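Coordinates from coords.txt are shown below (compact mmCIF, C-alpha atoms).
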# COMPACT_ATOMS: atom_id res chain seq x y z
CA MET A 1 23.34 -23.41 -27.03
CA LEU A 2 21.79 -23.95 -23.64
CA ASP A 3 18.00 -24.36 -23.73
CA LEU A 4 16.38 -21.69 -21.56
CA GLU A 5 13.42 -23.92 -20.72
CA LEU A 6 15.77 -26.58 -19.39
CA LEU A 7 17.65 -23.97 -17.38
CA ARG A 8 14.38 -22.61 -15.98
CA SER A 9 13.38 -26.06 -14.74
CA PHE A 10 16.86 -26.63 -13.30
CA VAL A 11 16.76 -23.37 -11.33
CA ALA A 12 13.24 -24.18 -10.12
CA VAL A 13 14.32 -27.62 -8.82
CA VAL A 14 17.28 -26.15 -6.94
CA GLU A 15 15.31 -23.26 -5.43
CA ALA A 16 12.32 -25.44 -4.53
CA GLY A 17 14.49 -28.24 -3.17
CA GLY A 18 12.64 -30.93 -5.10
CA PHE A 19 10.80 -31.91 -8.27
CA THR A 20 7.22 -31.68 -6.98
CA ARG A 21 7.25 -28.00 -6.04
CA ALA A 22 9.45 -27.18 -9.04
CA SER A 23 6.88 -28.68 -11.40
CA GLU A 24 4.23 -26.38 -9.91
CA ARG A 25 6.45 -23.36 -10.49
CA VAL A 26 7.16 -24.06 -14.15
CA HIS A 27 3.67 -25.46 -14.84
CA ARG A 28 4.94 -28.84 -16.01
CA THR A 29 4.36 -32.37 -14.76
CA GLN A 30 6.92 -33.83 -12.40
CA SER A 31 7.98 -36.41 -14.98
CA THR A 32 8.48 -33.68 -17.60
CA VAL A 33 10.72 -31.70 -15.25
CA SER A 34 12.72 -34.85 -14.48
CA GLN A 35 13.18 -35.48 -18.21
CA GLN A 36 14.25 -31.86 -18.74
CA ILE A 37 16.94 -32.17 -16.05
CA LYS A 38 18.17 -35.40 -17.67
CA ARG A 39 18.39 -33.65 -21.06
CA LEU A 40 20.29 -30.74 -19.53
CA GLU A 41 22.75 -33.10 -17.85
CA GLU A 42 23.29 -34.84 -21.20
CA ASP A 43 23.84 -31.47 -22.93
CA VAL A 44 26.50 -30.29 -20.47
CA GLY A 45 27.98 -33.74 -19.86
CA GLN A 46 27.77 -33.40 -16.08
CA VAL A 47 25.60 -34.68 -13.24
CA LEU A 48 23.91 -31.53 -11.89
CA LEU A 49 21.83 -32.82 -8.99
CA HIS A 50 22.30 -35.16 -6.06
CA ARG A 51 19.10 -37.16 -5.58
CA ASP A 52 18.58 -38.73 -2.15
CA GLY A 53 14.91 -39.67 -1.90
CA LYS A 54 12.94 -36.42 -1.76
CA ASP A 55 16.09 -34.46 -0.91
CA VAL A 56 17.55 -32.82 -4.02
CA ARG A 57 20.62 -30.57 -4.00
CA PRO A 58 23.06 -29.37 -6.66
CA THR A 59 26.38 -31.08 -7.29
CA GLU A 60 29.54 -28.99 -7.60
CA ALA A 61 28.91 -28.73 -11.35
CA GLY A 62 25.28 -27.82 -10.64
CA GLU A 63 26.35 -25.00 -8.33
CA ARG A 64 28.62 -23.60 -11.04
CA LEU A 65 25.85 -23.77 -13.63
CA LEU A 66 23.24 -22.24 -11.30
CA SER A 67 24.80 -18.77 -11.33
CA TYR A 68 25.02 -18.75 -15.13
CA ALA A 69 21.49 -20.11 -15.48
CA ARG A 70 20.03 -17.33 -13.34
CA ARG A 71 21.91 -14.67 -15.29
CA LEU A 72 20.84 -16.10 -18.66
CA LEU A 73 17.20 -16.29 -17.61
CA ALA A 74 17.26 -12.74 -16.22
CA LEU A 75 18.84 -11.46 -19.44
CA ALA A 76 16.21 -13.22 -21.54
CA GLU A 77 13.43 -11.65 -19.44
CA GLU A 78 15.02 -8.23 -19.79
CA ALA A 79 15.26 -8.62 -23.58
CA ARG A 80 11.58 -9.59 -23.82
CA ASP A 81 10.51 -6.64 -21.68
CA VAL A 82 12.57 -4.16 -23.70
CA LEU A 83 11.08 -5.40 -26.97
CA ARG A 84 7.51 -5.46 -25.65
CA GLU A 85 7.77 -2.12 -23.87
CA PRO A 86 10.65 -0.14 -25.45
CA ASP A 87 10.18 2.83 -23.15
CA GLY A 88 10.39 0.62 -20.09
CA GLY A 89 7.18 1.74 -18.45
CA ALA A 90 6.49 1.42 -14.74
CA VAL A 91 5.06 -1.09 -12.29
CA ARG A 92 3.25 0.30 -9.25
CA LEU A 93 3.38 -2.27 -6.44
CA GLY A 94 1.69 -2.18 -3.05
CA ILE A 95 2.83 -4.42 -0.17
CA PRO A 96 2.07 -4.72 3.57
CA GLU A 97 4.69 -3.18 5.83
CA ASP A 98 5.72 -6.46 7.46
CA PHE A 99 6.53 -7.85 4.01
CA ALA A 100 8.50 -4.70 3.21
CA ALA A 101 10.61 -5.28 6.31
CA TYR A 102 11.14 -8.96 5.60
CA ARG A 103 13.47 -10.08 2.77
CA LEU A 104 11.11 -8.76 0.10
CA ALA A 105 13.33 -5.72 -0.41
CA LYS A 106 16.08 -8.01 -1.73
CA LEU A 107 13.72 -9.57 -4.25
CA LEU A 108 12.52 -6.18 -5.47
CA GLY A 109 16.06 -4.87 -5.71
CA ALA A 110 17.09 -7.86 -7.82
CA PHE A 111 14.04 -7.41 -10.05
CA SER A 112 14.88 -3.73 -10.62
CA ARG A 113 18.48 -4.55 -11.52
CA SER A 114 17.37 -7.17 -14.02
CA HIS A 115 14.93 -4.69 -15.62
CA PRO A 116 16.97 -1.44 -15.88
CA ASN A 117 14.50 0.23 -18.26
CA LEU A 118 11.57 -0.39 -15.95
CA ARG A 119 10.58 1.98 -13.15
CA LEU A 120 9.41 0.14 -10.05
CA ASP A 121 7.28 2.22 -7.68
CA VAL A 122 6.72 0.42 -4.35
CA ARG A 123 4.43 1.55 -1.55
CA ALA A 124 4.10 -0.10 1.85
CA ASP A 125 0.69 0.56 3.40
CA GLN A 126 -2.25 -0.96 5.23
CA SER A 127 -3.99 -3.72 3.33
CA LYS A 128 -7.32 -1.89 3.17
CA ASN A 129 -5.61 1.03 1.38
CA LEU A 130 -3.77 -1.28 -1.03
CA ALA A 131 -6.99 -3.11 -1.98
CA ARG A 132 -8.80 0.20 -2.51
CA ASP A 133 -6.03 1.71 -4.65
CA LEU A 134 -5.71 -1.41 -6.80
CA GLU A 135 -9.44 -1.22 -7.50
CA ARG A 136 -9.14 2.48 -8.36
CA GLY A 137 -6.36 1.77 -10.86
CA GLU A 138 -3.71 3.51 -8.76
CA LEU A 139 -1.69 0.30 -8.38
CA ASP A 140 -0.76 -2.34 -10.96
CA LEU A 141 -0.04 -5.12 -8.47
CA ALA A 142 -0.77 -5.58 -4.78
CA LEU A 143 0.09 -8.09 -2.10
CA TYR A 144 -2.32 -7.57 0.77
CA LYS A 145 -4.05 -9.28 3.68
CA ARG A 146 -7.72 -10.11 3.87
CA GLU A 147 -10.13 -12.44 5.61
CA ALA A 148 -9.76 -16.02 4.46
CA GLY A 149 -12.02 -17.23 1.67
CA GLY A 150 -11.70 -14.40 -0.83
CA ARG A 151 -11.67 -15.00 -4.57
CA ASP A 152 -10.16 -13.78 -7.85
CA ALA A 153 -6.53 -13.65 -6.73
CA ILE A 154 -3.48 -14.70 -8.72
CA ALA A 155 -2.41 -16.66 -5.66
CA VAL A 156 -3.44 -16.93 -2.00
CA TRP A 157 -1.56 -18.12 1.08
CA PRO A 158 -2.97 -18.78 4.57
CA GLU A 159 -1.42 -16.57 7.23
CA GLU A 160 -0.40 -17.41 10.79
CA VAL A 161 -1.14 -14.60 13.26
CA HIS A 162 -0.72 -14.63 17.03
CA TRP A 163 -1.49 -12.67 20.16
CA VAL A 164 1.80 -11.39 21.59
CA THR A 165 3.07 -9.71 24.74
CA SER A 166 6.50 -8.72 26.02
CA LYS A 167 8.82 -11.55 27.02
CA THR A 168 10.54 -9.53 29.75
CA HIS A 169 7.64 -7.24 30.74
CA PRO A 170 4.49 -9.33 30.11
CA VAL A 171 1.13 -7.63 30.49
CA ASP A 172 -1.18 -8.97 33.19
CA VAL A 173 -3.79 -10.78 31.11
CA ASP A 174 -6.37 -10.61 33.91
CA VAL A 175 -6.61 -6.82 33.99
CA PRO A 176 -10.17 -5.37 33.78
CA SER A 177 -9.42 -3.56 30.50
CA VAL A 178 -6.98 -5.17 28.04
CA PRO A 179 -4.41 -2.66 26.69
CA LEU A 180 -4.15 -3.04 22.92
CA ILE A 181 -1.33 -2.04 20.59
CA GLY A 182 -2.16 -1.75 16.91
CA PHE A 183 -2.37 0.08 13.62
CA PRO A 184 -4.94 2.86 13.03
CA LEU A 185 -8.62 2.19 12.39
CA GLY A 186 -9.24 -0.12 9.44
CA CYS A 187 -6.41 -2.57 10.16
CA LEU A 188 -7.48 -6.22 9.76
CA TYR A 189 -5.55 -7.31 12.84
CA ARG A 190 -6.93 -4.52 14.99
CA ALA A 191 -10.49 -5.36 13.97
CA GLY A 192 -9.86 -9.05 14.68
CA ALA A 193 -8.41 -8.33 18.12
CA ILE A 194 -11.32 -6.10 19.13
CA HIS A 195 -13.89 -8.59 17.84
CA ALA A 196 -12.21 -11.45 19.74
CA LEU A 197 -12.13 -9.49 23.01
CA GLU A 198 -15.69 -8.23 22.74
CA SER A 199 -16.93 -11.73 21.84
CA ALA A 200 -15.31 -12.95 25.06
CA GLY A 201 -17.00 -10.15 27.02
CA ARG A 202 -13.73 -8.39 27.81
CA ALA A 203 -13.17 -4.64 27.97
CA TRP A 204 -10.27 -3.10 26.03
CA HIS A 205 -8.59 0.21 25.27
CA MET A 206 -5.95 1.33 22.78
CA SER A 207 -2.78 1.88 24.78
CA TYR A 208 -0.56 2.50 21.75
CA MET A 209 -1.42 3.17 18.10
CA SER A 210 1.05 3.56 15.27
CA SER A 211 1.17 3.30 11.49
CA SER A 212 4.70 1.89 11.82
CA LEU A 213 5.30 -1.82 12.29
CA ALA A 214 8.60 -1.09 14.02
CA GLY A 215 6.78 1.16 16.50
CA ILE A 216 4.24 -1.56 17.30
CA GLN A 217 6.95 -4.17 17.74
CA ALA A 218 8.87 -1.90 20.10
CA ALA A 219 5.73 -1.06 22.13
CA VAL A 220 4.96 -4.77 22.59
CA ALA A 221 8.54 -5.48 23.68
CA ALA A 222 8.35 -2.62 26.19
CA GLY A 223 5.26 -4.15 27.80
CA MET A 224 2.82 -1.39 26.82
CA GLY A 225 0.09 -3.84 25.82
CA LEU A 226 -0.94 -6.82 23.73
CA SER A 227 -1.04 -6.97 19.97
CA ILE A 228 -1.69 -9.31 17.09
CA LEU A 229 1.24 -9.86 14.73
CA SER A 230 1.96 -12.09 11.78
CA GLU A 231 4.42 -14.89 12.42
CA MET A 232 7.15 -13.16 10.41
CA SER A 233 6.79 -9.99 12.53
CA ILE A 234 7.20 -11.66 15.94
CA GLN A 235 10.57 -10.83 17.49
CA ALA A 236 12.82 -12.51 20.05
CA ASP A 237 11.65 -10.14 22.81
CA HIS A 238 7.98 -11.06 22.23
CA ARG A 239 6.05 -13.95 23.79
CA VAL A 240 3.16 -15.66 21.99
CA LEU A 241 -0.08 -15.98 23.97
CA THR A 242 -2.32 -19.02 23.52
CA ALA A 243 -5.77 -20.21 24.49
CA LYS A 244 -4.27 -21.34 27.83
CA ASP A 245 -3.56 -17.67 28.55
CA GLY A 246 -7.15 -16.80 27.70
CA PHE A 247 -6.46 -15.59 24.17
CA ALA A 248 -7.87 -17.92 21.55
CA PRO A 249 -6.78 -17.57 17.92
CA ILE A 250 -8.55 -14.85 15.95
CA ASN A 251 -10.34 -15.33 12.64
CA LYS A 252 -8.11 -16.75 9.94
CA THR A 253 -6.54 -14.34 7.46
CA GLU A 254 -4.76 -14.84 4.17
CA VAL A 255 -2.32 -13.02 1.92
CA ALA A 256 -3.62 -12.41 -1.59
CA LEU A 257 -1.67 -11.41 -4.69
CA MET A 258 -3.81 -9.34 -7.03
CA ALA A 259 -3.09 -7.63 -10.37
CA ALA A 260 -4.94 -4.96 -12.31
CA PRO A 261 -7.07 -6.26 -15.22
CA ASN A 262 -4.78 -4.62 -17.80
CA ALA A 263 -1.52 -5.69 -16.15
CA SER A 264 1.58 -5.43 -18.36
CA SER A 265 3.93 -8.32 -19.07
CA ALA A 266 6.47 -6.83 -16.65
CA THR A 267 3.81 -6.64 -13.94
CA LEU A 268 2.89 -10.28 -14.46
CA ARG A 269 6.55 -11.26 -14.39
CA LEU A 270 6.95 -9.52 -11.04
CA ALA A 271 3.78 -11.28 -9.87
CA ASP A 272 5.47 -14.63 -10.66
CA ARG A 273 8.49 -13.64 -8.56
CA LEU A 274 6.28 -12.59 -5.65
CA ALA A 275 4.30 -15.83 -5.87
CA GLU A 276 7.52 -17.85 -5.65
CA PHE A 277 8.64 -15.76 -2.67
CA CYS A 278 5.38 -16.32 -0.78
CA GLU A 279 5.44 -20.06 -1.53
CA ASP A 280 8.95 -20.26 -0.08
CA VAL A 281 7.89 -18.38 3.06
CA GLN A 282 4.89 -20.68 3.43
CA ALA A 283 7.03 -23.81 2.99
CA LYS A 284 9.57 -22.69 5.60
CA ALA A 285 6.80 -21.93 8.07
CA ALA A 286 5.24 -25.38 7.62
How would this structure read if it were set down as structure tokens?
Amino acid sequence: MLDLELLRSFVAVVEAGGFTRASERVHRTQSTVSQQIKRLEEDVGQVLLHRDGKDVRPTEAGERLLSYARRLLALAEEARDVLREPDGGAVRLGIPEDFAAYRLAKLLGAFSRSHPNLRLDVRADQSKNLARDLERGELDLALYKREAGGRDAIAVWPEEVHWVTSKTHPVDVDVPSVPLIGFPLGCLYRAGAIHALESAGRAWHMSYMSSSLAGIQAAVAAGMGLSILSEMSIQADHRVLTAKDGFAPINKTEVALMAAPNASSATLRLADRLAEFCEDVQAKAA
């Protein structure tokens, strides 16, 4: 019998690329995780990890075990959910649109497949709407953006946002009235852009407004104006503006993961997956 706790630590080490971050994921000390990997290697009679300083990667045997380990852990989670909530239930999740368009769909698809009796209802929307609906009890879990320094979140990650213009059709930054591209009223980025311009004594006007991220990205690329986008939303046909261009960074924002007070076990399990996803995004951006 393979010990699921040992498998969980093994998967965490491989996915995190090291013992330090893996220990944070499984809520164990680094030495405990190291001992668990040693026990697992003794159980299977194979070396599972190459250790080269801080660089850790699976051996050929480790790669073979990894697929089985993930399937066994997913099956164990599914069994627990079915027993705790026989009718399956539902998880109502709210996410920002840029996260919906960025790899998160794969994570949610995998979660749905591993929980066939659970209905997953996902809505991409502006952060202000997600925060409001979570408070009203219309969402079970929400990943949304807010000004840095908030409290009471399951997890929080700092966010990198930038002023952007078109790479091939850049906007003249010295125009009397700065043309802005953004989401409708209430968007955190829009408010930050307007505040930054007005604080600098610059006039502005909305040259393009859309509730679609794809529409905003296309308008920036076409040279219709300037916008503020998260780092993951900046495309190859965009150019980042800096303080040298006269556009200092706006107020810092963060991404917060929040759950309803009465969140189900399935909701909290999805929250764990989302937290791991955001940590990976943060690590790759560092």
Would you please work out which residue, of A:Ala124, A:Val173, A:Ala193, A:Ala248, is nearest to A:Leu213 when using only C-alpha atoms? A:Ala124
If we count only C-alpha atoms, what is near stretch 135-146 of chain A at a cut-off of 7 Å, once residues fewer than 4 positions away on the same chain are taken out, given as a list in words? Val91, Arg92, Leu93, Gly94, Ile95, Pro96, Ser127, Leu130, Ala131, Thr253, Glu254, Val255, Ala256, Leu257, Met258, Ala259, Ala260, Ala263 and Thr267 of chain A
Surrounding residues of A:Leu104 excluding itself and chain neighbours under 5 positions, 12 Å, only C-alpha atoms, as a ChimeraX atom specification: /A:94-99,109-111,122,124,143,232,270,273-278,280-281
To one decimal place, how far is atom CA of A:Arg202 from atom CA of A:Ser166 in Å?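 Those two atoms sit 20.3 Å apart.
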Of the residues A:Ser211, A:Ala76, A:Glu60, A:Ala155, which is the one nearest to A:Asp125, using only C-alpha atoms?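 Using only C-alpha atoms, the shortest distance to A:Asp125 belongs to A:Ser211.
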Find the distance between atom CA of A:Val220 and atom CA of A:His205 and write it in Å to one decimal.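 Spanning atom CA of A:Val220 to atom CA of A:His205 is a straight-line distance of 14.7 Å.
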Non-local contacts of A:Gly215 (12 Å; only C-alpha atoms; under 5 positions in same chain excluded) as a PyMOL selection string: chain A and resi 97-98+181-183+208-210+220-222+224+227+233
Need to verify the contact set: A:Leu72, 10 Å, all atoms listed in the file, exclusion of same-chain residues closer than 3 positions in sequence. Can you return it as a list in words?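 Residues meeting the cut-off are Leu2, Leu4, Leu7, Arg8, Leu66, Ser67, Tyr68, Ala69, Leu75, Ala76, Glu77 and Glu78 of chain A.
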I need the chosen residues saved as an mmCIF file, keeping the file's coordinate frame, with C-alpha atoms.
data_model
loop_
_atom_site.group_PDB
_atom_site.id
_atom_site.type_symbol
_atom_site.label_atom_id
_atom_site.label_comp_id
_atom_site.auth_asym_id
_atom_site.auth_seq_id
_atom_site.Cartn_x
_atom_site.Cartn_y
_atom_site.Cartn_z
ATOM 1 C CA LEU A 2 21.790 -23.950 -23.640
ATOM 2 C CA LEU A 4 16.380 -21.690 -21.560
ATOM 3 C CA LEU A 7 17.650 -23.970 -17.380
ATOM 4 C CA ARG A 8 14.380 -22.610 -15.980
ATOM 5 C CA LEU A 66 23.240 -22.240 -11.300
ATOM 6 C CA SER A 67 24.800 -18.770 -11.330
ATOM 7 C CA TYR A 68 25.020 -18.750 -15.130
ATOM 8 C CA ALA A 69 21.490 -20.110 -15.480
ATOM 9 C CA LEU A 75 18.840 -11.460 -19.440
ATOM 10 C CA ALA A 76 16.210 -13.220 -21.540
ATOM 11 C CA GLU A 77 13.430 -11.650 -19.440
ATOM 12 C CA GLU A 78 15.020 -8.230 -19.790
#
